[in-house]
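As stored in protein.pdb (PDB, C-alpha atoms and all ligand atoms):
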```pdb
ATOM      1  CA  MET A   1      95.798  68.207 118.054  1.00  0.00           C
ATOM      2  CA  THR A   2      99.340  69.485 117.685  1.00  0.00           C
ATOM      3  CA  TYR A   3     100.463  72.631 119.430  1.00  0.00           C
ATOM      4  CA  ILE A   4     103.314  74.685 118.076  1.00  0.00           C
ATOM      5  CA  TYR A   5     104.955  77.273 120.262  1.00  0.00           C
ATOM      6  CA  LEU A   6     106.643  80.155 118.511  1.00  0.00           C
ATOM      7  CA  THR A   7     109.578  81.904 120.106  1.00  0.00           C
ATOM      8  CA  GLU A   8     109.811  85.680 120.248  1.00  0.00           C
ATOM      9  CA  ASN A   9     112.467  85.697 117.533  1.00  0.00           C
ATOM     10  CA  THR A  10     110.352  83.684 115.149  1.00  0.00           C
ATOM     11  CA  HIS A  11     108.479  85.704 112.571  1.00  0.00           C
ATOM     12  CA  LYS A  12     107.238  82.692 110.692  1.00  0.00           C
ATOM     13  CA  ALA A  13     103.568  81.969 111.214  1.00  0.00           C
ATOM     14  CA  TRP A  14     101.898  78.631 111.719  1.00  0.00           C
ATOM     15  CA  ILE A  15      98.789  78.186 109.633  1.00  0.00           C
ATOM     16  CA  GLN A  16      96.530  75.187 110.046  1.00  0.00           C
ATOM     17  CA  ILE A  17      93.968  74.345 107.387  1.00  0.00           C
ATOM     18  CA  VAL A  18      90.805  72.555 108.511  1.00  0.00           C
ATOM     19  CA  ILE A  19      88.475  71.005 105.935  1.00  0.00           C
ATOM     20  CA  GLU A  20      84.891  70.319 107.018  1.00  0.00           C
ATOM     21  CA  ASP A  21      82.029  68.619 105.238  1.00  0.00           C
ATOM     22  CA  THR A  22      78.583  70.148 104.767  1.00  0.00           C
ATOM     23  CA  GLU A  23      77.556  68.887 108.221  1.00  0.00           C
ATOM     24  CA  TRP A  24      80.500  70.647 109.922  1.00  0.00           C
ATOM     25  CA  ASN A  25      82.382  67.391 110.545  1.00  0.00           C
ATOM     26  CA  ILE A  26      86.149  67.752 110.337  1.00  0.00           C
ATOM     27  CA  LEU A  27      87.459  65.743 107.410  1.00  0.00           C
ATOM     28  CA  LYS A  28      91.114  66.728 107.478  1.00  0.00           C
ATOM     29  CA  GLU A  29      93.564  69.112 109.135  1.00  0.00           C
ATOM     30  CA  PHE A  30      96.992  69.946 107.809  1.00  0.00           C
ATOM     31  CA  PRO A  31      99.531  72.760 107.929  1.00  0.00           C
ATOM     32  CA  ALA A  32      99.380  75.299 105.127  1.00  0.00           C
ATOM     33  CA  THR A  33     102.237  75.640 102.699  1.00  0.00           C
ATOM     34  CA  GLU A  34     103.186  78.675 100.710  1.00  0.00           C
ATOM     35  CA  ASN A  35     102.534  79.038  96.997  1.00  0.00           C
ATOM     36  CA  GLN A  36     100.059  76.183  96.756  1.00  0.00           C
ATOM     37  CA  SER A  37      96.323  76.144  96.228  1.00  0.00           C
ATOM     38  CA  PHE A  38      94.155  74.581  98.918  1.00  0.00           C
ATOM     39  CA  ALA A  39      93.523  71.589  96.635  1.00  0.00           C
ATOM     40  CA  GLN A  40      97.277  71.093  96.129  1.00  0.00           C
ATOM     41  CA  MET A  41      97.940  71.315  99.863  1.00  0.00           C
ATOM     42  CA  ALA A  42      95.188  68.789 100.580  1.00  0.00           C
ATOM     43  CA  GLU A  43      96.554  66.370  97.992  1.00  0.00           C
ATOM     44  CA  ASP A  44     100.027  66.605  99.568  1.00  0.00           C
ATOM     45  CA  HIS A  45      98.397  65.479 102.831  1.00  0.00           C
ATOM     46  CA  ASP A  46      96.591  62.524 101.267  1.00  0.00           C
ATOM     47  CA  PHE A  47      93.222  64.215 101.187  1.00  0.00           C
ATOM     48  CA  GLU A  48      91.424  64.511  97.910  1.00  0.00           C
ATOM     49  CA  MET A  49      89.496  67.722  97.439  1.00  0.00           C
ATOM     50  CA  PRO A  50      86.845  67.365  94.754  1.00  0.00           C
ATOM     51  CA  VAL A  51      88.134  69.139  91.683  1.00  0.00           C
ATOM     52  CA  SER A  52      87.097  68.920  88.082  1.00  0.00           C
ATOM     53  CA  CYS A  53      88.076  71.718  85.740  1.00  0.00           C
ATOM     54  CA  CYS A  54      90.890  73.209  87.861  1.00  0.00           C
ATOM     55  CA  SER A  55      90.376  76.292  85.792  1.00  0.00           C
ATOM     56  CA  TRP A  56      87.999  78.316  87.935  1.00  0.00           C
ATOM     57  CA  ALA A  57      84.864  77.417  86.014  1.00  0.00           C
ATOM     58  CA  CYS A  58      82.878  74.519  87.514  1.00  0.00           C
ATOM     59  CA  PHE A  59      82.376  75.342  91.244  1.00  0.00           C
ATOM     60  CA  VAL A  60      82.976  71.685  92.254  1.00  0.00           C
ATOM     61  CA  CYS A  61      85.788  72.687  94.587  1.00  0.00           C
ATOM     62  CA  ALA A  62      83.950  75.597  96.215  1.00  0.00           C
ATOM     63  CA  CYS A  63      84.237  76.004  99.963  1.00  0.00           C
ATOM     64  CA  LYS A  64      82.799  78.413 102.452  1.00  0.00           C
ATOM     65  CA  VAL A  65      85.479  80.131 104.489  1.00  0.00           C
ATOM     66  CA  LYS A  66      84.383  79.888 108.118  1.00  0.00           C
ATOM     67  CA  GLU A  67      87.459  81.415 109.760  1.00  0.00           C
ATOM     68  CA  TRP A  68      90.302  83.727 108.724  1.00  0.00           C
ATOM     69  CA  LEU A  69      88.881  84.932 105.420  1.00  0.00           C
ATOM     70  CA  GLU A  70      91.236  87.901 105.588  1.00  0.00           C
ATOM     71  CA  HIS A  71      94.228  85.582 105.102  1.00  0.00           C
ATOM     72  CA  ILE A  72      92.895  84.005 101.936  1.00  0.00           C
ATOM     73  CA  ASP A  73      93.407  85.104  98.389  1.00  0.00           C
ATOM     74  CA  ILE A  74      90.459  83.709  96.475  1.00  0.00           C
ATOM     75  CA  ALA A  75      92.386  83.421  93.257  1.00  0.00           C
ATOM     76  CA  LYS A  76      96.064  82.600  93.089  1.00  0.00           C
ATOM     77  CA  LEU A  77      96.412  82.972  89.352  1.00  0.00           C
ATOM     78  CA  SER A  78      93.386  84.799  88.078  1.00  0.00           C
ATOM     79  CA  VAL A  79      89.851  85.777  88.981  1.00  0.00           C
ATOM     80  CA  PRO A  80      87.235  82.995  89.128  1.00  0.00           C
ATOM     81  CA  LEU A  81      85.106  82.557  86.029  1.00  0.00           C
ATOM     82  CA  VAL A  82      82.115  81.555  88.163  1.00  0.00           C
ATOM     83  CA  ASP A  83      80.455  83.804  90.693  1.00  0.00           C
ATOM     84  CA  VAL A  84      81.472  83.129  94.265  1.00  0.00           C
ATOM     85  CA  ASP A  85      80.140  84.790  97.386  1.00  0.00           C
ATOM     86  CA  GLU A  86      82.437  86.969  99.465  1.00  0.00           C
ATOM     87  CA  ASP A  87      82.916  84.173 101.974  1.00  0.00           C
ATOM     88  CA  GLN A  88      83.621  81.450  99.413  1.00  0.00           C
ATOM     89  CA  VAL A  89      86.808  80.229  97.784  1.00  0.00           C
ATOM     90  CA  LEU A  90      87.539  77.838  94.947  1.00  0.00           C
ATOM     91  CA  ALA A  91      90.021  75.357  96.371  1.00  0.00           C
ATOM     92  CA  CYS A  92      91.630  74.814  92.971  1.00  0.00           C
ATOM     93  CA  ILE A  93      92.844  78.397  92.792  1.00  0.00           C
ATOM     94  CA  GLY A  94      92.470  79.822  96.296  1.00  0.00           C
ATOM     95  CA  TRP A  95      95.520  80.019  98.508  1.00  0.00           C
ATOM     96  CA  VAL A  96      96.848  81.584 101.676  1.00  0.00           C
ATOM     97  CA  LYS A  97      98.128  85.103 101.235  1.00  0.00           C
ATOM     98  CA  PRO A  98     101.931  85.264 101.531  1.00  0.00           C
ATOM     99  CA  SER A  99     101.620  87.950 104.221  1.00  0.00           C
ATOM    100  CA  ALA A 100      99.895  85.456 106.526  1.00  0.00           C
ATOM    101  CA  PHE A 101     103.068  83.350 106.657  1.00  0.00           C
ATOM    102  CA  SER A 102     105.198  86.107 108.088  1.00  0.00           C
ATOM    103  CA  ASP A 103     103.192  87.657 110.910  1.00  0.00           C
ATOM    104  CA  GLY A 104     104.494  85.225 113.545  1.00  0.00           C
ATOM    105  CA  LEU A 105     101.012  84.221 114.658  1.00  0.00           C
ATOM    106  CA  PHE A 106      98.950  81.039 114.645  1.00  0.00           C
ATOM    107  CA  HIS A 107      96.015  80.982 112.262  1.00  0.00           C
ATOM    108  CA  LYS A 108      93.447  78.281 111.701  1.00  0.00           C
ATOM    109  CA  ILE A 109      91.682  78.585 108.366  1.00  0.00           C
ATOM    110  CA  VAL A 110      88.439  76.599 108.310  1.00  0.00           C
ATOM    111  CA  LEU A 111      86.996  75.671 104.927  1.00  0.00           C
ATOM    112  CA  GLN A 112      83.602  74.013 104.666  1.00  0.00           C
ATOM    113  CA  LYS A 113      83.044  72.050 101.468  1.00  0.00           C
ATOM    114  CA  LEU A 114      79.885  73.091  99.694  1.00  0.00           C
ATOM    115  CA  MET A 115      79.506  69.826  97.749  1.00  0.00           C
TER     116      MET A 115
HETATM  117  S1  LIG B   1      87.807  72.519  90.069  1.00  0.00           S
HETATM  118 FE1  LIG B   1      86.442  73.667  88.814  1.00  0.00          FE
HETATM  119  S2  LIG B   1      86.366  75.605  89.806  1.00  0.00           S
HETATM  120 FE2  LIG B   1      87.804  74.464  90.978  1.00  0.00          FE
END
```

Show me, as structure tokens, the structure contained in the file I just sent.
Ligand code: FES
Amino acid sequence: MTYIYLTENTHKAWIQIVIEDTEWNILKEFPATENQSFAQMAEDHDFEMPVSCCSWACFVCACKVKEWLEHIDIAKLSVPLVDVDEDQVLACIGWVKPSAFSDGLFHKIVLQKLM
């Protein structure tokens, strides 16, 4: 585990994304980046999230948000075409809200793959 210490003058946040499987085993951890979907971030860190349509319609990429739901925007570009529960996000279009990157705090967003 990597610890990052923020100074008082730093307003930039540190956001860690944790991907778990259906049995709650950690599959991958990586730092979040702005303006990218969770699937794009994972790919940049050599982890392949299951995606198919990448257009909000198939549910293959669905994840349950176990921690820090309030920092997630479920749809970066548009609303999902499939129904998702309040605590779920489609990794192909979900992303971290821009406001989460500027609060100067550490956040760990835990996503549990549903498939
Ligand atoms: S890949 Fe189909 S909804 Fe995300």

Q) Within 7 Å of segment 101-113 of chain A, counting all atoms listed in the file, which residues qualify if same-chain residues fewer than 3 places away don't, as number ranges by chain? A) A: 10-22, 24, 62-68, 98

Q: Could you please extract the residues within 7 Å of ligand LIG 1 (chain B), counting only C-alpha atoms and all ligand atoms, and hand them back as a PyMOL selection string?
A: chain A and resi 51-62+90-93

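Atom CA of Lys28 of chain A is positioned 20.6 Å from atom CA of Asp73 of chain A.
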
(Q) Quick check, in Å to one decimal: how far apart do atom CA of Glu43 of chain A and atom CA of Glu86 of chain A lie? (A) 25.0 Å

Q.
Just the number, please: distance in Å from atom CA of Ala100 of chain A to atom CA of Pro80 of chain A, one decimal.
A. 21.7 Å

Could you list the residues chosen by the PyMOL selection byres (((chain A and resi 36) around 9) and not hetatm) in this structure as a PDB file with C-alpha atoms, in the coordinates of the input?
```
ATOM      1  CA  ALA A  32      99.380  75.299 105.127  1.00  0.00           C
ATOM      2  CA  THR A  33     102.237  75.640 102.699  1.00  0.00           C
ATOM      3  CA  GLU A  34     103.186  78.675 100.710  1.00  0.00           C
ATOM      4  CA  ASN A  35     102.534  79.038  96.997  1.00  0.00           C
ATOM      5  CA  SER A  37      96.323  76.144  96.228  1.00  0.00           C
ATOM      6  CA  PHE A  38      94.155  74.581  98.918  1.00  0.00           C
ATOM      7  CA  ALA A  39      93.523  71.589  96.635  1.00  0.00           C
ATOM      8  CA  GLN A  40      97.277  71.093  96.129  1.00  0.00           C
ATOM      9  CA  MET A  41      97.940  71.315  99.863  1.00  0.00           C
ATOM     10  CA  LYS A  76      96.064  82.600  93.089  1.00  0.00           C
ATOM     11  CA  ILE A  93      92.844  78.397  92.792  1.00  0.00           C
ATOM     12  CA  GLY A  94      92.470  79.822  96.296  1.00  0.00           C
ATOM     13  CA  TRP A  95      95.520  80.019  98.508  1.00  0.00           C
ATOM     14  CA  VAL A  96      96.848  81.584 101.676  1.00  0.00           C
TER      15      VAL A  96
END
```
